[in-house]
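S.K.: Have a peek at data-v6.txt (compact mmCIF, C-alpha atoms and all ligand atoms).
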```txt
# COMPACT_ATOMS: atom_id res chain seq x y z
CA MET C 1 63.82 115.18 103.96
CA GLU C 2 65.74 114.55 107.14
CA THR C 3 69.53 114.27 107.00
CA LEU C 4 70.94 111.06 108.45
CA LEU C 5 74.61 111.36 107.66
CA THR C 6 76.81 114.32 106.81
CA VAL C 7 80.43 113.88 105.80
CA ARG C 8 82.61 116.99 105.66
CA GLU C 9 86.04 117.18 104.12
CA LEU C 10 86.94 113.66 105.14
CA ARG C 11 90.56 112.81 104.50
CA LYS C 12 92.81 109.78 104.85
CA THR C 13 96.47 109.45 103.98
CA TYR C 14 98.50 106.26 103.92
CA ARG C 15 102.23 105.72 103.95
CA ARG C 16 103.40 105.21 100.39
CA GLY C 17 104.03 101.53 99.69
CA GLY C 18 101.58 100.71 102.44
CA GLY C 19 101.43 97.73 104.75
CA VAL C 20 103.43 96.67 107.78
CA PHE C 21 106.56 95.85 105.80
CA SER C 22 107.25 99.43 104.86
CA GLN C 23 106.87 100.83 108.39
CA GLY C 24 109.69 103.19 109.12
CA THR C 25 110.78 103.63 105.51
CA GLY C 26 110.49 107.37 105.60
CA GLY C 27 107.47 109.59 105.84
CA ALA C 28 106.21 109.69 102.26
CA ARG C 29 102.42 109.59 102.36
CA PHE C 30 99.73 109.77 99.74
CA THR C 31 96.13 110.81 100.02
CA ALA C 32 93.64 107.96 99.55
CA VAL C 33 90.52 109.99 100.40
CA ASP C 34 90.85 113.68 99.63
CA ASN C 35 88.40 116.08 101.30
CA VAL C 36 85.23 114.18 100.53
CA SER C 37 81.93 115.81 101.49
CA PHE C 38 78.36 114.59 101.02
CA SER C 39 75.19 114.01 102.94
CA ILE C 40 72.61 111.24 102.94
CA ASN C 41 68.96 111.55 103.88
CA ARG C 42 67.03 108.99 105.87
CA GLY C 43 65.80 106.25 103.55
CA GLU C 44 67.98 107.42 100.69
CA THR C 45 70.25 105.19 98.61
CA PHE C 46 73.57 106.85 97.94
CA ALA C 47 76.25 105.41 95.67
CA VAL C 48 79.95 106.15 95.37
CA VAL C 49 81.38 105.26 91.98
CA GLY C 50 85.02 105.16 91.00
CA GLU C 51 87.81 103.07 89.59
CA SER C 52 89.69 100.50 91.61
CA GLY C 53 92.04 102.12 94.11
CA CYS C 54 90.25 105.49 94.23
CA GLY C 55 89.45 105.12 97.94
CA LYS C 56 85.92 103.68 98.11
CA THR C 57 86.75 100.98 100.68
CA THR C 58 88.75 103.43 102.79
CA LEU C 59 85.80 105.84 102.78
CA ALA C 60 83.31 103.07 103.66
CA ARG C 61 85.45 101.87 106.54
CA MET C 62 85.85 105.37 107.93
CA LEU C 63 82.04 105.72 108.08
CA LEU C 64 82.04 102.74 110.46
CA ARG C 65 85.14 103.94 112.27
CA LEU C 66 87.00 100.81 111.28
CA ILE C 67 89.63 103.23 109.95
CA GLU C 68 90.35 106.54 111.68
CA PRO C 69 90.32 109.54 109.32
CA ASP C 70 93.17 112.05 109.35
CA GLY C 71 90.80 114.95 109.00
CA GLY C 72 87.22 115.99 108.53
CA GLU C 73 83.92 115.30 110.24
CA ILE C 74 81.27 112.60 110.20
CA LEU C 75 77.94 113.66 111.64
CA PHE C 76 75.34 110.95 112.27
CA GLU C 77 71.97 112.47 113.15
CA GLY C 78 73.93 115.62 113.93
CA ARG C 79 76.31 113.96 116.41
CA ASN C 80 80.02 113.98 115.67
CA LEU C 81 80.91 110.34 115.24
CA LEU C 82 84.65 110.90 115.53
CA THR C 83 84.55 112.16 119.10
CA LEU C 84 82.25 109.44 120.48
CA ARG C 85 83.76 107.21 123.16
CA GLY C 86 82.69 104.33 125.37
CA GLU C 87 78.98 103.60 125.65
CA ALA C 88 78.00 106.35 123.20
CA LEU C 89 80.27 104.78 120.58
CA ARG C 90 78.92 101.32 121.34
CA SER C 91 75.32 102.34 120.87
CA GLN C 92 76.28 104.28 117.73
CA ARG C 93 77.97 101.22 116.25
CA ARG C 94 74.75 99.29 116.03
CA GLN C 95 73.15 102.03 113.92
CA THR C 96 75.49 101.46 111.00
CA GLN C 97 76.20 98.01 109.58
CA MET C 98 78.38 96.89 106.72
CA VAL C 99 77.94 94.41 103.88
CA PHE C 100 81.36 93.33 102.65
CA GLN C 101 82.70 92.95 99.13
CA ASP C 102 83.63 89.29 99.26
CA PRO C 103 80.95 86.86 100.49
CA PHE C 104 83.54 84.07 100.44
CA ALA C 105 85.92 85.76 102.85
CA SER C 106 83.56 87.71 105.09
CA LEU C 107 81.63 84.86 106.74
CA ASN C 108 83.27 82.73 109.43
CA PRO C 109 83.46 79.20 107.92
CA ARG C 110 83.27 77.53 111.35
CA MET C 111 80.01 79.13 112.37
CA ARG C 112 76.54 77.96 111.43
CA VAL C 113 74.38 80.45 109.55
CA SER C 114 72.16 80.88 112.62
CA GLU C 115 75.21 81.89 114.70
CA ILE C 116 76.60 84.20 112.02
CA VAL C 117 73.33 86.06 111.59
CA ALA C 118 72.55 86.21 115.33
CA GLU C 119 76.04 87.30 116.39
CA PRO C 120 75.28 91.06 116.33
CA LEU C 121 72.31 90.35 118.62
CA ALA C 122 74.55 88.43 121.02
CA ILE C 123 76.85 91.46 121.14
CA HIS C 124 74.35 94.31 121.25
CA GLU C 125 71.30 92.71 122.87
CA PRO C 126 72.78 90.13 125.24
CA GLY C 127 69.63 90.19 127.38
CA LEU C 128 67.52 88.66 124.62
CA SER C 129 66.13 85.20 125.35
CA GLU C 130 67.09 82.24 123.21
CA THR C 131 63.53 82.08 121.84
CA GLU C 132 63.51 85.76 120.88
CA ARG C 133 66.92 85.48 119.27
CA LEU C 134 65.78 82.51 117.22
CA ALA C 135 62.60 84.30 116.16
CA ARG C 136 64.52 87.41 115.04
CA THR C 137 67.03 85.26 113.14
CA THR C 138 64.35 83.24 111.35
CA ALA C 139 62.45 86.39 110.43
CA ILE C 140 65.45 88.19 108.98
CA LEU C 141 66.57 85.13 106.99
CA GLY C 142 63.05 84.96 105.57
CA ARG C 143 63.33 88.58 104.44
CA VAL C 144 66.45 87.82 102.41
CA GLY C 145 64.83 84.71 100.92
CA LEU C 146 66.47 81.94 102.94
CA ASN C 147 64.40 79.35 104.73
CA GLU C 148 64.73 77.90 108.18
CA ASP C 149 66.88 74.92 107.23
CA ALA C 150 69.63 77.33 106.16
CA MET C 151 70.11 78.01 109.89
CA ARG C 152 72.10 74.94 110.83
CA ARG C 153 74.21 74.85 107.69
CA TYR C 154 77.67 76.36 107.15
CA PRO C 155 78.69 79.13 104.69
CA HIS C 156 80.51 76.74 102.32
CA GLU C 157 77.22 74.96 101.61
CA PHE C 158 75.87 78.08 99.90
CA SER C 159 76.40 79.80 96.57
CA GLY C 160 77.98 83.26 96.34
CA GLY C 161 74.62 84.97 95.99
CA GLN C 162 73.19 83.08 98.96
CA ARG C 163 76.24 83.93 101.05
CA GLN C 164 75.79 87.57 100.27
CA ARG C 165 72.16 87.23 101.42
CA ILE C 166 73.47 85.79 104.69
CA GLY C 167 75.78 88.81 105.00
CA ILE C 168 72.85 91.13 104.37
CA ALA C 169 70.70 89.34 106.97
CA ARG C 170 73.51 89.78 109.48
CA ALA C 171 73.73 93.48 108.65
CA LEU C 172 69.96 93.93 108.97
CA ILE C 173 69.27 92.05 112.18
CA LEU C 174 69.93 95.06 114.44
CA GLN C 175 67.67 97.21 112.27
CA PRO C 176 70.42 99.75 111.56
CA LYS C 177 69.67 103.20 110.24
CA LEU C 178 72.49 103.01 107.71
CA ILE C 179 73.88 100.10 105.71
CA VAL C 180 77.24 100.58 104.04
CA ALA C 181 77.76 98.08 101.24
CA ASP C 182 81.25 97.94 99.75
CA GLU C 183 80.91 96.59 96.22
CA PRO C 184 78.48 93.95 97.53
CA VAL C 185 78.15 92.21 94.18
CA SER C 186 81.54 92.59 92.49
CA ALA C 187 82.54 89.04 93.52
CA LEU C 188 79.35 87.57 92.04
CA ASP C 189 78.22 86.66 88.54
CA VAL C 190 76.33 89.46 86.84
CA SER C 191 72.88 87.83 87.09
CA VAL C 192 73.34 86.74 90.71
CA GLY C 193 74.67 90.21 91.49
CA ALA C 194 71.60 91.78 89.92
CA GLN C 195 69.36 89.69 92.19
CA VAL C 196 71.28 90.79 95.29
CA LEU C 197 71.01 94.45 94.21
CA LEU C 198 67.26 94.05 93.70
CA LEU C 199 67.01 92.56 97.17
CA LEU C 200 68.92 95.48 98.72
CA GLN C 201 66.70 97.95 96.89
CA GLU C 202 63.58 96.21 98.15
CA LEU C 203 64.68 96.19 101.81
N1 LIG G 301 96.17 99.96 104.78
C1 LIG G 301 96.66 100.58 103.69
N2 LIG G 301 97.93 101.04 103.67
C2 LIG G 301 98.43 101.71 102.61
N3 LIG G 301 97.73 101.95 101.48
C3 LIG G 301 96.46 101.52 101.43
C4 LIG G 301 95.85 100.82 102.52
N4 LIG G 301 94.57 100.52 102.18
C5 LIG G 301 94.39 101.00 100.94
N5 LIG G 301 95.51 101.61 100.48
C6 LIG G 301 95.68 102.30 99.19
O1 LIG G 301 94.76 103.39 99.19
C7 LIG G 301 94.17 103.54 97.92
C8 LIG G 301 92.65 103.42 98.03
O2 LIG G 301 92.33 102.07 98.34
P1 LIG G 301 90.84 101.55 98.54
O3 LIG G 301 90.17 102.43 99.55
O4 LIG G 301 90.90 100.11 98.83
O5 LIG G 301 90.20 101.83 97.10
P2 LIG G 301 88.96 101.14 96.36
O6 LIG G 301 88.12 100.45 97.39
O7 LIG G 301 88.25 102.28 95.68
O8 LIG G 301 89.52 100.18 95.37
C9 LIG G 301 94.81 102.51 97.01
O9 LIG G 301 95.89 103.11 96.34
C10 LIG G 301 95.30 101.46 98.00
O10 LIG G 301 96.43 100.77 97.49
MG MG G 302 87.42 98.57 97.51
```
Please lay out the structure from this file as structure tokens.
Ligand SMILES: Nc1ncnc2c1ncn2[C@@H]1O[C@H](COP(=O)(O)OP(=O)(O)O)[C@@H](O)[C@H]1O
Ligand SMILES: [Mg+2]
M.R.:
Amino acid sequence: METLLTVRELRKTYRRGGGVFSQGTGGARFTAVDNVSFSINRGETFAVVGESGCGKTTLARMLLRLIEPDGGEILFEGRNLLTLRGEALRSQRRQTQMVFQDPFASLNPRMRVSEIVAEPLAIHEPGLSETERLARTTAILGRVGLNEDAMRRYPHEFSGGQRQRIGIARALILQPKLIVADEPVSALDVSVGAQVLLLLQEL
């Protein structure tokens, strides 16, 4: 088995009280992610389980460098993610995509489904023709079980489970090597959530 991701002694501290309103109220900090180490093989499904507030979201966001760690290493295919800059960072970013916890908050309500799903292509493959972009978008929506007429509709026209499928299509369209899903079904009913989990497993 080939290792895709190695995390070594990853650490993140926050200012106690948190948020912008407590900036400057002394230096008291607490540790949200405390020396976490693990590795994930290519093709493997890896789960992090823990009670609310134990640091799962912080950990997930550090893997995508949406939050900078205070210590530790993240190796992606052996390359140190935390020292990447510029073009190397840009091309790395497309390899890891995220599915967010809340399908109601994570999709832009003013964008059509076709635009939401194709947006990563517009960013990372700007040279793609309109026809190719449309073909890739239709294909990926098909894989998550949504048909072509979903394309010109808006997120509010869909159920929670369907919205999460849209979020998954968006995460998949660049064919990333790693998908980080942060409690992808906790905002959904149990049965709808089970369907989304089955879909993720199948992909
Ligand atoms: N930006 C932030 N500033 C300060 N504290 C934060 C911030 N984000 C999260 N925390 C705190 O860090 C801890 C871990 O949060 P989080 O990673 O969201 O946990 P989980 O996703 O497991 O519920 C919690 O105590 C949370 O209140
Ligand atoms: Mg969380």
S.K.: For a quick check of understanding, using all atoms listed in the file, which of C:Thr58, C:Ser129, C:Ser39, C:Gln175 has the smallest distance to ligand LIG 301 (chain G)?
M.R.: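 Distance minimum relative to ligand LIG 301 (chain G) lands on C:Thr58.
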S.K.: Skipping near chain neighbours, those fewer than 2 positions away, what residues fall within 8 Å of segment 184-187 of chain C using only C-alpha atoms, listed as a list in words?
M.R.: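 After dropping sequence-adjacent residues, the list is Val99, Phe100, Gln101, Asp102, Pro103, Gly160, Gln164, Ala181, Asp182, Asp189, Gly193, Ala194, Val196 and Leu197 of chain C.
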S.K.: What does the distance between atom CA of Val33 of chain C and atom CA of Leu64 of chain C come to in Å, to one decimal place?
M.R.: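 Atom CA of Val33 of chain C sits 15.0 Å away from atom CA of Leu64 of chain C.
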S.K.: Check every protein, DNA and RNA residue against ligand LIG 301 (chain G), keep those with an atom at most 7 Å away (counting all atoms listed in the file), and present them as an MDAnalysis selection string.
M.R.: chainID C and resid 14:19 32 50:59
S.K.: If I take atom CA of Ser106 of chain C and atom CA of Thr131 of chain C, how far is one from the other in Å, to one decimal?
M.R.: 26.7 Å
S.K.: Identify, on the basis of all atoms listed in the file, every residue whose closest approach to Gly72 of chain C does not exceed 9 Å; exclude the query and any residue fewer than 4 positions from it along the same chain; express the result as a ChimeraX atom specification.
M.R.: /C:7-11,35-37
S.K.: As number ranges by chain, please: the residues near Gly43 of chain C (cut-off 12 Å, only C-alpha atoms, same-chain neighbours under 2 positions excluded).
M.R.: C: 1-5, 40-41, 45-46, 176-179, 201-203
S.K.: For ligand MG 302 (chain G), which residue among C:Gly161, C:Arg136, C:Pro126, C:Arg61 is the nearest when counting all atoms listed in the file?
M.R.: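 Of the candidates, the smallest distance to ligand MG 302 (chain G) is held by C:Arg61.
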S.K.: Atom CA of Ser91 of chain C to atom CA of Val113 of chain C: how many Å, to one decimal?
M.R.: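 Atom CA of Ser91 of chain C sits 24.7 Å away from atom CA of Val113 of chain C.
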S.K.: For each of C:Leu128, C:Ala28, C:Leu107, C:Val49, take the minimum atom-to-atom distance to ligand MG 302 (chain G), counting all atoms listed in the file, then give the residue where this is smallest.
M.R.: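 Using all atoms listed in the file, the shortest distance to ligand MG 302 (chain G) belongs to C:Val49.
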S.K.: Using only C-alpha atoms, pick whichever of C:Ala118, C:Leu89, C:Leu84, C:Val190 has the shortest atom-to-atom distance to Ile166 of chain C.
M.R.: C:Ala118
S.K.: Put a box with edges along x, y and z around all the listed atoms of segment 62-80 of chain C, pad it by 6 Å on each side, then give me its centre and sizes in Å, one decimal, as lines of an AutoDock Vina configuration file.
M.R.:
```
center_x = 82.6
center_y = 108.4
center_z = 112.2
size_x = 33.2
size_y = 27.2
size_z = 20.5
```
S.K.: Smallest atom-to-atom distance to His124 of chain C: which of C:Arg170, C:Arg90, C:Arg165, C:His156, using all atoms listed in the file?
M.R.: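 Under the stated criterion, the closest residue is C:Arg90.
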S.K.: Extract, using all atoms listed in the file, all DNA, RNA and protein residues at most 8 Å from Leu75 of chain C, discarding same-chain residues fewer than 3 positions from it, and format them as an mmCIF file with C-alpha atoms, keeping the file's coordinate frame.
M.R.:
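Listing of part09.cif after writing:
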```cif
data_model
loop_
_atom_site.group_PDB
_atom_site.id
_atom_site.type_symbol
_atom_site.label_atom_id
_atom_site.label_comp_id
_atom_site.auth_asym_id
_atom_site.auth_seq_id
_atom_site.Cartn_x
_atom_site.Cartn_y
_atom_site.Cartn_z
ATOM 1 C CA LEU C 5 74.610 111.360 107.660
ATOM 2 C CA THR C 6 76.810 114.320 106.810
ATOM 3 C CA VAL C 7 80.430 113.880 105.800
ATOM 4 C CA GLY C 78 73.930 115.620 113.930
ATOM 5 C CA ARG C 79 76.310 113.960 116.410
ATOM 6 C CA ASN C 80 80.020 113.980 115.670
ATOM 7 C CA LEU C 81 80.910 110.340 115.240
#
```
S.K.: Please return as a ChimeraX atom specification every residue within 12 Å of (74.8, 83.3, 104.6), taking into account only C-alpha atoms and the file's own coordinates.
M.R.: /C:99,102-109,111-118,137,140-142,144-171
S.K.: Between C:Arg29, C:Leu188, C:Glu183, C:Glu68, which one has atoms that come closest to ligand MG 302 (chain G), using only C-alpha atoms and all ligand atoms?
M.R.: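 That would be C:Glu183, the residue with the smallest distance to ligand MG 302 (chain G).
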